[in-house]
Every structure is written in C-alpha cells, then in structure tokens.
$ cat entry_15.pdb   # PDB, C-alpha atoms and all ligand atoms
ATOM      1  CA  MET A   1     135.092 130.886 163.507  1.00  0.00           C
ATOM      2  CA  LYS A   2     133.384 134.257 163.937  1.00  0.00           C
ATOM      3  CA  ALA A   3     135.510 137.281 164.777  1.00  0.00           C
ATOM      4  CA  GLU A   4     134.191 137.495 168.310  1.00  0.00           C
ATOM      5  CA  GLU A   5     134.242 133.791 169.010  1.00  0.00           C
ATOM      6  CA  GLY A   6     136.327 132.626 171.965  1.00  0.00           C
ATOM      7  CA  ALA A   7     136.863 129.381 173.848  1.00  0.00           C
ATOM      8  CA  GLY A   8     134.233 126.652 173.655  1.00  0.00           C
ATOM      9  CA  GLY A   9     132.322 128.364 170.847  1.00  0.00           C
ATOM     10  CA  TYR A  10     131.384 131.171 173.247  1.00  0.00           C
ATOM     11  CA  SER A  11     131.749 134.817 172.291  1.00  0.00           C
ATOM     12  CA  GLU A  12     134.298 137.002 174.029  1.00  0.00           C
ATOM     13  CA  THR A  13     131.403 138.970 175.532  1.00  0.00           C
ATOM     14  CA  LEU A  14     129.953 135.834 177.060  1.00  0.00           C
ATOM     15  CA  LEU A  15     133.323 134.714 178.397  1.00  0.00           C
ATOM     16  CA  ASP A  16     133.868 138.145 179.922  1.00  0.00           C
ATOM     17  CA  HIS A  17     130.537 137.917 181.775  1.00  0.00           C
ATOM     18  CA  TYR A  18     131.431 134.411 182.924  1.00  0.00           C
ATOM     19  CA  ARG A  19     134.865 135.421 184.180  1.00  0.00           C
ATOM     20  CA  HIS A  20     133.716 138.733 185.647  1.00  0.00           C
ATOM     21  CA  PRO A  21     130.022 138.353 186.428  1.00  0.00           C
ATOM     22  CA  ARG A  22     128.248 141.618 187.193  1.00  0.00           C
ATOM     23  CA  ASN A  23     125.829 142.103 190.062  1.00  0.00           C
ATOM     24  CA  VAL A  24     126.284 138.772 191.812  1.00  0.00           C
ATOM     25  CA  GLY A  25     124.315 138.501 195.034  1.00  0.00           C
ATOM     26  CA  ASP A  26     120.877 138.902 196.505  1.00  0.00           C
ATOM     27  CA  VAL A  27     118.451 141.790 196.635  1.00  0.00           C
ATOM     28  CA  GLU A  28     117.336 141.888 200.241  1.00  0.00           C
ATOM     29  CA  GLY A  29     113.855 142.941 201.237  1.00  0.00           C
ATOM     30  CA  SER A  30     112.303 142.812 197.780  1.00  0.00           C
ATOM     31  CA  ALA A  31     109.350 140.694 196.687  1.00  0.00           C
ATOM     32  CA  ALA A  32     110.739 140.635 193.146  1.00  0.00           C
ATOM     33  CA  VAL A  33     112.913 137.581 193.694  1.00  0.00           C
ATOM     34  CA  ALA A  34     112.584 134.246 191.955  1.00  0.00           C
ATOM     35  CA  GLN A  35     114.495 131.051 191.582  1.00  0.00           C
ATOM     36  CA  VAL A  36     114.027 128.969 188.449  1.00  0.00           C
ATOM     37  CA  GLY A  37     115.561 125.814 187.078  1.00  0.00           C
ATOM     38  CA  ASP A  38     116.003 122.319 188.332  1.00  0.00           C
ATOM     39  CA  PRO A  39     118.362 121.801 191.274  1.00  0.00           C
ATOM     40  CA  ALA A  40     118.469 118.077 190.448  1.00  0.00           C
ATOM     41  CA  HIS A  41     120.232 118.964 187.201  1.00  0.00           C
ATOM     42  CA  GLY A  42     122.325 121.753 188.661  1.00  0.00           C
ATOM     43  CA  ASP A  43     120.649 124.418 186.518  1.00  0.00           C
ATOM     44  CA  VAL A  44     119.428 127.028 188.940  1.00  0.00           C
ATOM     45  CA  LEU A  45     119.188 130.771 188.554  1.00  0.00           C
ATOM     46  CA  ARG A  46     118.069 133.091 191.319  1.00  0.00           C
ATOM     47  CA  PHE A  47     117.236 136.593 190.196  1.00  0.00           C
ATOM     48  CA  GLY A  48     116.186 139.577 192.227  1.00  0.00           C
ATOM     49  CA  MET A  49     115.200 143.136 191.408  1.00  0.00           C
ATOM     50  CA  ARG A  50     114.592 146.224 193.486  1.00  0.00           C
ATOM     51  CA  ILE A  51     111.746 148.184 191.978  1.00  0.00           C
ATOM     52  CA  GLU A  52     110.919 151.771 192.711  1.00  0.00           C
ATOM     53  CA  GLY A  53     107.876 153.283 191.092  1.00  0.00           C
ATOM     54  CA  ASP A  54     107.900 152.020 187.540  1.00  0.00           C
ATOM     55  CA  GLN A  55     111.592 151.255 187.337  1.00  0.00           C
ATOM     56  CA  VAL A  56     114.107 148.568 188.234  1.00  0.00           C
ATOM     57  CA  ILE A  57     116.856 150.296 190.174  1.00  0.00           C
ATOM     58  CA  GLU A  58     118.908 147.246 191.127  1.00  0.00           C
ATOM     59  CA  ALA A  59     119.206 143.639 189.951  1.00  0.00           C
ATOM     60  CA  ARG A  60     121.315 140.788 191.276  1.00  0.00           C
ATOM     61  CA  PHE A  61     121.645 137.124 190.485  1.00  0.00           C
ATOM     62  CA  ARG A  62     123.118 133.882 191.657  1.00  0.00           C
ATOM     63  CA  SER A  63     123.628 130.993 189.295  1.00  0.00           C
ATOM     64  CA  PHE A  64     124.386 127.377 189.942  1.00  0.00           C
ATOM     65  CA  GLY A  65     124.498 126.549 186.245  1.00  0.00           C
ATOM     66  CA  CYS A  66     127.083 126.383 183.523  1.00  0.00           C
ATOM     67  CA  THR A  67     129.264 129.036 181.899  1.00  0.00           C
ATOM     68  CA  ALA A  68     126.398 130.259 179.709  1.00  0.00           C
ATOM     69  CA  ALA A  69     123.946 130.402 182.606  1.00  0.00           C
ATOM     70  CA  ILE A  70     126.306 132.536 184.676  1.00  0.00           C
ATOM     71  CA  ALA A  71     126.894 134.869 181.737  1.00  0.00           C
ATOM     72  CA  ALA A  72     123.145 135.038 181.001  1.00  0.00           C
ATOM     73  CA  GLY A  73     122.357 135.946 184.601  1.00  0.00           C
ATOM     74  CA  SER A  74     125.017 138.621 184.601  1.00  0.00           C
ATOM     75  CA  MET A  75     123.871 140.106 181.282  1.00  0.00           C
ATOM     76  CA  ALA A  76     120.218 139.978 182.364  1.00  0.00           C
ATOM     77  CA  THR A  77     120.971 142.142 185.412  1.00  0.00           C
ATOM     78  CA  LEU A  78     122.438 144.802 183.129  1.00  0.00           C
ATOM     79  CA  MET A  79     119.529 144.542 180.710  1.00  0.00           C
ATOM     80  CA  VAL A  80     116.868 145.253 183.324  1.00  0.00           C
ATOM     81  CA  THR A  81     118.594 147.810 185.542  1.00  0.00           C
ATOM     82  CA  GLY A  82     117.280 151.301 184.927  1.00  0.00           C
ATOM     83  CA  LYS A  83     114.472 150.015 182.712  1.00  0.00           C
ATOM     84  CA  ARG A  84     110.753 150.617 183.081  1.00  0.00           C
ATOM     85  CA  LEU A  85     108.700 147.551 183.970  1.00  0.00           C
ATOM     86  CA  ASP A  86     107.021 147.391 180.566  1.00  0.00           C
ATOM     87  CA  GLU A  87     110.492 147.238 178.996  1.00  0.00           C
ATOM     88  CA  VAL A  88     111.668 144.619 181.478  1.00  0.00           C
ATOM     89  CA  GLU A  89     108.677 142.462 180.637  1.00  0.00           C
ATOM     90  CA  ARG A  90     109.727 142.420 177.017  1.00  0.00           C
ATOM     91  CA  VAL A  91     113.270 141.166 177.661  1.00  0.00           C
ATOM     92  CA  SER A  92     113.391 137.745 176.029  1.00  0.00           C
ATOM     93  CA  ASN A  93     115.846 134.905 176.118  1.00  0.00           C
ATOM     94  CA  GLN A  94     116.695 135.815 172.536  1.00  0.00           C
ATOM     95  CA  ASP A  95     117.591 139.351 173.646  1.00  0.00           C
ATOM     96  CA  VAL A  96     119.861 137.943 176.346  1.00  0.00           C
ATOM     97  CA  ALA A  97     121.465 135.480 173.941  1.00  0.00           C
ATOM     98  CA  ASP A  98     121.973 138.233 171.344  1.00  0.00           C
ATOM     99  CA  ALA A  99     123.527 140.550 173.912  1.00  0.00           C
ATOM    100  CA  LEU A 100     125.955 137.768 174.786  1.00  0.00           C
ATOM    101  CA  GLY A 101     126.991 137.482 171.145  1.00  0.00           C
ATOM    102  CA  GLY A 102     124.939 134.340 170.583  1.00  0.00           C
ATOM    103  CA  LEU A 103     124.763 130.964 172.275  1.00  0.00           C
ATOM    104  CA  PRO A 104     125.497 127.468 170.985  1.00  0.00           C
ATOM    105  CA  GLU A 105     122.232 125.610 170.311  1.00  0.00           C
ATOM    106  CA  SER A 106     122.867 123.209 173.188  1.00  0.00           C
ATOM    107  CA  LYS A 107     123.008 126.186 175.568  1.00  0.00           C
ATOM    108  CA  ARG A 108     119.796 127.938 174.571  1.00  0.00           C
ATOM    109  CA  HIS A 109     117.994 126.838 177.701  1.00  0.00           C
ATOM    110  CA  CYS A 110     120.539 128.684 179.835  1.00  0.00           C
ATOM    111  CA  SER A 111     119.258 132.021 178.492  1.00  0.00           C
ATOM    112  CA  VAL A 112     115.683 130.762 178.843  1.00  0.00           C
ATOM    113  CA  LEU A 113     116.384 130.497 182.569  1.00  0.00           C
ATOM    114  CA  ALA A 114     117.165 134.226 182.630  1.00  0.00           C
ATOM    115  CA  GLU A 115     113.899 135.114 180.885  1.00  0.00           C
ATOM    116  CA  GLN A 116     111.917 132.823 183.177  1.00  0.00           C
ATOM    117  CA  ALA A 117     113.573 134.283 186.266  1.00  0.00           C
ATOM    118  CA  ILE A 118     112.806 137.866 185.234  1.00  0.00           C
ATOM    119  CA  ARG A 119     109.155 137.014 184.512  1.00  0.00           C
ATOM    120  CA  GLU A 120     108.709 135.013 187.700  1.00  0.00           C
ATOM    121  CA  ALA A 121     110.303 137.727 189.838  1.00  0.00           C
ATOM    122  CA  LEU A 122     107.920 140.307 188.355  1.00  0.00           C
ATOM    123  CA  ARG A 123     104.961 137.982 188.869  1.00  0.00           C
ATOM    124  CA  ARG A 124     105.855 137.492 192.531  1.00  0.00           C
ATOM    125  CA  TRP A 125     106.332 141.202 193.016  1.00  0.00           C
ATOM    126  CA  ARG A 126     102.867 141.873 191.581  1.00  0.00           C
ATOM    127  CA  GLU A 127     101.338 139.023 193.561  1.00  0.00           C
ATOM    128  CA  ALA A 128     102.746 140.516 196.732  1.00  0.00           C
ATOM    129  CA  GLY A 129     100.974 143.746 195.837  1.00  0.00           C
ATOM    130  CA  ALA A 130     104.313 145.510 195.975  1.00  0.00           C
ATOM    131  CA  GLY A 131     103.459 147.665 192.990  1.00  0.00           C
ATOM    132  CA  GLU A 132     100.247 149.057 194.372  1.00  0.00           C
ATOM    133  CA  THR A 133     100.112 152.646 195.356  1.00  0.00           C
ATOM    134  CA  PRO A 134      99.191 152.932 199.030  1.00  0.00           C
ATOM    135  CA  CYS A 135      95.824 154.535 199.831  1.00  0.00           C
ATOM    136  CA  ARG A 136      95.980 158.170 200.707  1.00  0.00           C
TER     137      ARG A 136
HETATM  138  S1  LIG A 201     122.391 125.857 182.760  1.00  0.00           S
HETATM  139 FE1  LIG A 201     122.188 123.883 181.932  1.00  0.00          FE
HETATM  140  S2  LIG A 201     123.694 123.770 180.370  1.00  0.00           S
HETATM  141 FE2  LIG A 201     123.632 125.836 181.032  1.00  0.00          FE
END
$ encode --input "entry_15.pdb" --output "structure tokens" --more "lines below"
Ligand code: FES
Amino acid sequence: MKAEEGAGGYSETLLDHYRHPRNVGDVEGSAAVAQVGDPAHGDVLRFGMRIEGDQVIEARFRSFGCTAAIAAGSMATLMVTGKRLDEVERVSNQDVADALGGLPESKRHCSVLAEQAIREALRRWREAGAGETPCR
C-alpha cells in the first residue's frame, strides 16, 4: 500500500475531492458547456467554463458517475481555472489522474471523461463563435 493510499485503493487526495467536491454546479450563460458519457451506464460528466479573453475564469461540474468520476470532475475544475486556453487544451486525462494521486486501472475511463468534457466544452465555445473579437 502506497503512503497516500486510502480506502478502495484510492489516494487520500482523490477521496478528499470525492467527499468535498470543489466547484459543483453549472456555469450559466456560457457556450463552453458540455456533457459527456453514457447516461445508460450512469457515467455522465457535465463540465462548464466561463472564458474571458484568453483565460478560464470559472469552471463547474456535475457528475453522475462513480467516486473517481466525481473526484476527476472536481480536480479538473481546479486544473483549468485561471489557465490560458492553450494550457487548458493540453490538460489530459493522465494529468487529471496524476493530480488525483493515480487511479486504479479499472477507473481510468473516469478521468477520460474529464478530458473529453474539457475538450468538448472548448469545441462548443469555439463553434458558437464565443471567442471571436467583435468587429470595431
Ligand atoms: S464513471 Fe464509470 S466507473 Fe467511474
């Protein structure tokens, strides 16, 4: 057992994010919102960001998945807030899993949901033209 390992093979960091998830909720009025996963299997992550200029100033999530999915959503909000968009685009599921102190192999897809949600939210935001500078 690793030093940081807690219940269920999860790290203490992960369990803390599960028990006390950060930034739960919705970002209203933003095009940078996406829901990924499969409701039929109960693995759903909704992720929203408020973007100003080149920076994410707020991120919120809702998860209808397992312990790891809730923790991954929570950690992902912290990992994108305050970051430039080019940095946000580089956040990977491995980064999220590492920040959580690792994930059991059977739970890897829970962090993949976080990466997918971030990418899809950015894609929607761009598709909506929300990042374009208005004509002067
Ligand atoms: S969301 Fe499916 S096992 Fe975690």
$ residues_around --input "entry_15.pdb" --residues "region 76-78 of chain A" --least-positions-apart "2" --cutoff "8 Å" --atoms "all atoms listed in the file" --output "PyMOL selection string"
chain A and resi 22-23+58-61+72-74+80-81+96+114
$ residues_near_ligand --input "entry_15.pdb" --ligand "ligand LIG 201 (chain A)" --cutoff "7 Å" --atoms "all atoms listed in the file" --output "ChimeraX atom specification"
/A:43-44,65-69,107,109-110
$ atom_distance --input "entry_15.pdb" --atom1 "CA of Asp16 (chain A)" --atom2 "CA of Ala40 (chain A)"
27.4 Å
$ axis_aligned_box --input "entry_15.pdb" --around "region 103-122 of chain A" --padding-each-side "6 Å" --output "JSON"
{"center_x": 116.7, "center_y": 131.8, "center_z": 180.1, "size_x": 29.6, "size_y": 29.1, "size_z": 31.5}
$ resolve_selection --input "entry_15.pdb" --expression "the PyMOL selection byres (((chain A and resi 29) around 12) and not hetatm)" --output "list in words"
Asp26, Val27, Glu28, Ser30, Ala31, Ala32, Val33, Gly48, Met49, Arg50, Ile51, Trp125 and Ala130 of chain A
$ write_last_selection --input "entry_15.pdb" --atoms "C-alpha atoms" --output "PDB file, in the coordinates of the input"
ATOM      1  CA  ASP A  26     120.877 138.902 196.505  1.00  0.00           C
ATOM      2  CA  VAL A  27     118.451 141.790 196.635  1.00  0.00           C
ATOM      3  CA  GLU A  28     117.336 141.888 200.241  1.00  0.00           C
ATOM      4  CA  SER A  30     112.303 142.812 197.780  1.00  0.00           C
ATOM      5  CA  ALA A  31     109.350 140.694 196.687  1.00  0.00           C
ATOM      6  CA  ALA A  32     110.739 140.635 193.146  1.00  0.00           C
ATOM      7  CA  VAL A  33     112.913 137.581 193.694  1.00  0.00           C
ATOM      8  CA  GLY A  48     116.186 139.577 192.227  1.00  0.00           C
ATOM      9  CA  MET A  49     115.200 143.136 191.408  1.00  0.00           C
ATOM     10  CA  ARG A  50     114.592 146.224 193.486  1.00  0.00           C
ATOM     11  CA  ILE A  51     111.746 148.184 191.978  1.00  0.00           C
ATOM     12  CA  TRP A 125     106.332 141.202 193.016  1.00  0.00           C
ATOM     13  CA  ALA A 130     104.313 145.510 195.975  1.00  0.00           C
TER      14      ALA A 130
END
$ closest_residue --input "entry_15.pdb" --among "A:Met75, A:Val24, A:Leu45, A:Leu113" --to "Asn93 (chain A)" --atoms "all atoms listed in the file"
A:Leu113
$ atom_distance --input "entry_15.pdb" --atom1 "CA of Asp54 (chain A)" --atom2 "CA of Ala117 (chain A)"
18.7 Å
$ resolve_selection --input "entry_15.pdb" --expression "the PyMOL selection byres (((chain A and resi 86) around 12) and not hetatm)" --output "list in words"
Asp54, Gln55, Val56, Val80, Gly82, Lys83, Arg84, Leu85, Glu87, Val88, Glu89, Arg90, Val91, Arg119 and Leu122 of chain A
$ atom_distance --input "entry_15.pdb" --atom1 "CA of Ile118 (chain A)" --atom2 "CA of Gly9 (chain A)"
26.0 Å
$ closest_residue --input "entry_15.pdb" --among "A:Glu12, A:His20, A:Gly42, A:Gln35" --to "Arg124 (chain A)" --atoms "all atoms listed in the file"
A:Gln35
$ residues_around --input "entry_15.pdb" --residues "Gly102 (chain A)" --least-positions-apart "3" --cutoff "12 Å" --atoms "only C-alpha atoms" --output "PyMOL selection string"
chain A and resi 2+4-6+9-15+68+71-72+93-99+105-108+110-111
$ build_atoms --input "entry_15.pdb" --residues "region 11-24 of chain A" --atoms "N, CA, C and O atoms" --output "mmCIF file, in the coordinates of the input"
data_model
loop_
_atom_site.group_PDB
_atom_site.id
_atom_site.type_symbol
_atom_site.label_atom_id
_atom_site.label_comp_id
_atom_site.auth_asym_id
_atom_site.auth_seq_id
_atom_site.Cartn_x
_atom_site.Cartn_y
_atom_site.Cartn_z
ATOM 1 N N SER A 11 131.216 133.519 172.706
ATOM 2 C CA SER A 11 131.749 134.817 172.291
ATOM 3 C C SER A 11 132.640 135.383 173.398
ATOM 4 O O SER A 11 132.557 134.978 174.568
ATOM 5 N N GLU A 12 133.449 136.341 173.025
ATOM 6 C CA GLU A 12 134.298 137.002 174.029
ATOM 7 C C GLU A 12 133.438 137.737 175.051
ATOM 8 O O GLU A 12 133.780 137.817 176.228
ATOM 9 N N THR A 13 132.308 138.281 174.596
ATOM 10 C CA THR A 13 131.403 138.970 175.532
ATOM 11 C C THR A 13 130.898 137.994 176.581
ATOM 12 O O THR A 13 130.899 138.288 177.780
ATOM 13 N N LEU A 14 130.470 136.833 176.121
ATOM 14 C CA LEU A 14 129.953 135.834 177.060
ATOM 15 C C LEU A 14 131.043 135.413 178.042
ATOM 16 O O LEU A 14 130.816 135.340 179.259
ATOM 17 N N LEU A 15 132.237 135.162 177.520
ATOM 18 C CA LEU A 15 133.323 134.714 178.397
ATOM 19 C C LEU A 15 133.691 135.795 179.409
ATOM 20 O O LEU A 15 134.012 135.500 180.560
ATOM 21 N N ASP A 16 133.588 137.054 178.993
ATOM 22 C CA ASP A 16 133.868 138.145 179.922
ATOM 23 C C ASP A 16 132.845 138.155 181.057
ATOM 24 O O ASP A 16 133.205 138.327 182.229
ATOM 25 N N HIS A 17 131.572 137.936 180.726
ATOM 26 C CA HIS A 17 130.537 137.917 181.775
ATOM 27 C C HIS A 17 130.680 136.686 182.666
ATOM 28 O O HIS A 17 130.321 136.723 183.844
ATOM 29 N N TYR A 18 131.186 135.605 182.117
ATOM 30 C CA TYR A 18 131.431 134.411 182.924
ATOM 31 C C TYR A 18 132.616 134.641 183.879
ATOM 32 O O TYR A 18 132.537 134.312 185.061
ATOM 33 N N ARG A 19 133.657 135.230 183.355
ATOM 34 C CA ARG A 19 134.865 135.421 184.180
ATOM 35 C C ARG A 19 134.701 136.557 185.173
ATOM 36 O O ARG A 19 135.295 136.542 186.246
ATOM 37 N N HIS A 20 133.915 137.552 184.787
ATOM 38 C CA HIS A 20 133.716 138.733 185.647
ATOM 39 C C HIS A 20 132.227 139.027 185.757
ATOM 40 O O HIS A 20 131.751 140.050 185.244
ATOM 41 N N PRO A 21 131.473 138.138 186.371
ATOM 42 C CA PRO A 21 130.022 138.353 186.428
ATOM 43 C C PRO A 21 129.662 139.637 187.158
ATOM 44 O O PRO A 21 130.244 139.955 188.197
ATOM 45 N N ARG A 22 128.706 140.359 186.594
ATOM 46 C CA ARG A 22 128.248 141.618 187.193
ATOM 47 C C ARG A 22 127.071 141.323 188.121
ATOM 48 O O ARG A 22 126.254 140.464 187.837
ATOM 49 N N ASN A 23 127.014 142.107 189.191
ATOM 50 C CA ASN A 23 125.829 142.103 190.062
ATOM 51 C C ASN A 23 125.503 140.724 190.658
ATOM 52 O O ASN A 23 124.343 140.301 190.683
ATOM 53 N N VAL A 24 126.523 140.048 191.135
ATOM 54 C CA VAL A 24 126.284 138.772 191.812
ATOM 55 C C VAL A 24 125.801 139.065 193.230
ATOM 56 O O VAL A 24 126.329 139.947 193.903
#
